[in-house]
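Reading through the structure tokens given below for one structure.
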Amino acid sequence: MKKFKIIFSTFILLLAMSCEKDSMSIHDKAFVVDTHNDVLLRSLTGRDILKNLPESHSDLPKFRQGGIDLQVFSIWVSPTEFKDAYYARANYIISQLEFLCSRVPDKWSIPHNYQDIIYNEQRGVLSCMIGVEGGHVIENDLNKIDELHKRGMRYLGVTWNNSNEWATSAKDETQAKQSLDFIGLTEFGEKVIQRCNKLGVIVDISHAGEQTVSDILRVTEKPIIASHSSVYDLCPHYRNLKDDQLLAIRENGGVVFVNFYPGYIDSTFENKARNIRQLNSSSLDSISKLYKQDSDSHWYKTNEILAPHLQKVAPGIDDVVKHIDYIVDLIGIDHVGIGGDWDGVEILPSGIEHIGKMPLLTKKLLNRGYSISDLKKILGGNFKRVFKEVNHL
């Protein structure tokens with residue numbers, strides 16, 4: 001009996017090792033894309049993201065460890081801190097990415113078209129795509145979309161949490177609906193969508209309000225994306241997408257890229273986080289006296305205090321898989337991908353605390369029964385399809 005137990009245990013161990021080897025092989029061969037990363041903001045504070053940073057969710061070594069082939073870097077401009085200088089600030093952040101690419105031209109490069117992506121993949125170079133988060137950046141000027149496109153912008157998020165003068169946000173449509181002057185897209189907003197279609201810029205509806213999303217789907221002639229959103233039915237947060245929105249995105253041919261933020265994948269997390277913030281209120285008040293509340297420095301210092309406590313109550317990688325499963329079951333394997341929100345949130349789920357652990361997600365999905373073809377679509381193939389269709393001029 002004892003001998004049988006040893007043989008059985010050895011078999012299970014070898015099976016687990018074989019599965020892990022298979023998942024790593026699949027991950028290495030797949031074209032791996034993540035559609036939302038805020039690490040450029042950390043770079044602007046003086047941190048060198050071309051080196052391994054213990055506090056970051058992503059940096060050059062972690063991208064390589066995670067097998068990432070294409071990363072969309074978010075160009076996010078605070079709507080309060082940089083009022084009246086949104087466009088200038090966005091260009092400044094893009095210049096920072098260009099500078100980083102110039103330091104490691106054999107490792108990072110900004111793609112402008114589908115051929116650039118393929119060329120970078122063949123050379124083992126990370127495609128550093130530019131995605132602008134928040135339509136306030138264009139300052140109500142269609143020509144600024146053209147200029148940002150020339151610099152490499154390949155998706156435009158129509159809103160952030162703030163509404164702008166031509167589109168309303170999910171936050172405002174949910175929490176401040178009565179105070180809004182309009183809901184959805186204005187006539188100028190429709191022109192923004194049409195200009196993006198013409199230029200080959202993907203329209204991103206993460207953060208956009210329900211009416212805004214509905215209006216965009218009516219106007220656009222190209223597939224759209226939700227670059228970092230999850231499922232409302234599993235976690236009822238205004239940032240997540242309801243079933244009718246998911247079904248409409250399928251009809252459009254678009255893709256939903258699942259956000260890993262615990263508050264968007266686990267409905268119990270926000271209450272736990274609120275309690276932790278209250279317990280650390282005195283320390284947080286001290287930080288507020290030293291740094292401007294809307295500044296990146298304030299956010300990073302706050303995270304230094306909160307992150308260790310929040311990580312203890314975080315959901316796990318299996319919760320990410322649940323959202324992927326839900327989208328696949330409802331609208332199909334061709335309409336889901338990964339948009340982790342790295343370095344744009346306080347913490348990430350246990351088991352995938354940084355982007356270097358992305359192969360573990362592939363292993364989880366393989367164990368769930370996804371085929372190699374399915375995995376390749378989720379990991380990057382679906383993004384490739386949408387990008388090629390939108391960017392083909």
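Naming scheme: A, B, ... for chains in displayed order of the structure tokens; residues 1 onward per chain; ligands 1 onward as shown.
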Exercise for the section: Please identify all polymer residues within 8 Å of Gln65 in chain A, counting only C-alpha atoms, omitting same-chain residues fewer than 5 positions from it, and present them as number ranges by chain. Expected result: A: 355-357
Given the selection you just returned, output its residues as a file containing C-alpha atoms, formatted as a CSV table (one decimal), in the first residue's frame.
```
chain,number,residue,atom,x,y,z
A,355,ILE,CA,3.1,41.3,-14.7
A,356,GLY,CA,6.0,38.9,-14.5
A,357,LYS,CA,3.5,36.3,-13.3
```
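Pairwise distance (CA of Ile202 in chain A, CA of Tyr155 in chain A) equals 4.3 Å.
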Exercise for the section: Please identify all polymer residues within 9 Å of Ile324 in chain A, counting only C-alpha atoms, omitting same-chain residues fewer than 3 positions from it, and present them as a PyMOL selection string. Expected result: chain A and resi 230-231+257-258+319-321+327-329+336-338+378
Residues of the last selection are to be written out with N, CA and C atoms, as a short mmCIF file (atom, residue, chain, number, x, y, z; two decimals), in the first residue's frame.
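In the end it all went to part_22.cif:
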```cif
data_model
loop_
_atom_site.label_atom_id
_atom_site.label_comp_id
_atom_site.auth_asym_id
_atom_site.auth_seq_id
_atom_site.Cartn_x
_atom_site.Cartn_y
_atom_site.Cartn_z
N SER A 230 -14.26 44.87 -16.39
CA SER A 230 -14.64 43.51 -16.04
C SER A 230 -16.16 43.37 -16.08
N VAL A 231 -16.68 42.34 -15.43
CA VAL A 231 -18.08 41.95 -15.59
C VAL A 231 -18.95 42.46 -14.45
N PHE A 257 -11.19 43.63 -22.47
CA PHE A 257 -9.93 43.24 -21.85
C PHE A 257 -10.09 43.34 -20.33
N VAL A 258 -10.00 42.21 -19.68
CA VAL A 258 -10.36 42.09 -18.27
C VAL A 258 -9.38 42.84 -17.37
N ASP A 319 -10.24 34.58 -9.37
CA ASP A 319 -11.31 35.54 -9.60
C ASP A 319 -11.16 36.21 -10.96
N VAL A 320 -9.92 36.41 -11.40
CA VAL A 320 -9.68 36.92 -12.75
C VAL A 320 -10.22 35.92 -13.77
N VAL A 321 -9.92 34.65 -13.54
CA VAL A 321 -10.37 33.59 -14.45
C VAL A 321 -11.90 33.54 -14.54
N ILE A 327 -17.21 36.05 -19.69
CA ILE A 327 -17.25 36.72 -20.99
C ILE A 327 -17.24 35.70 -22.12
N VAL A 328 -16.39 34.69 -21.99
CA VAL A 328 -16.33 33.64 -23.02
C VAL A 328 -17.68 32.93 -23.14
N ASP A 329 -18.29 32.58 -22.00
CA ASP A 329 -19.56 31.87 -22.01
C ASP A 329 -20.68 32.72 -22.62
N VAL A 336 -12.49 38.47 -25.79
CA VAL A 336 -11.92 38.68 -24.45
C VAL A 336 -10.40 38.72 -24.52
N GLY A 337 -9.81 39.52 -23.65
CA GLY A 337 -8.36 39.64 -23.56
C GLY A 337 -7.96 40.14 -22.18
N ILE A 338 -6.74 40.64 -22.07
CA ILE A 338 -6.17 41.04 -20.78
C ILE A 338 -5.83 42.52 -20.77
N ILE A 378 -7.05 34.70 -26.34
CA ILE A 378 -7.17 35.48 -25.11
C ILE A 378 -5.90 36.29 -24.85
#
```
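Distance check against Glu304 in chain A using only C-alpha atoms: of A:Gly67, A:Leu290, A:Glu346, A:Asp141, the minimum falls on A:Glu346.
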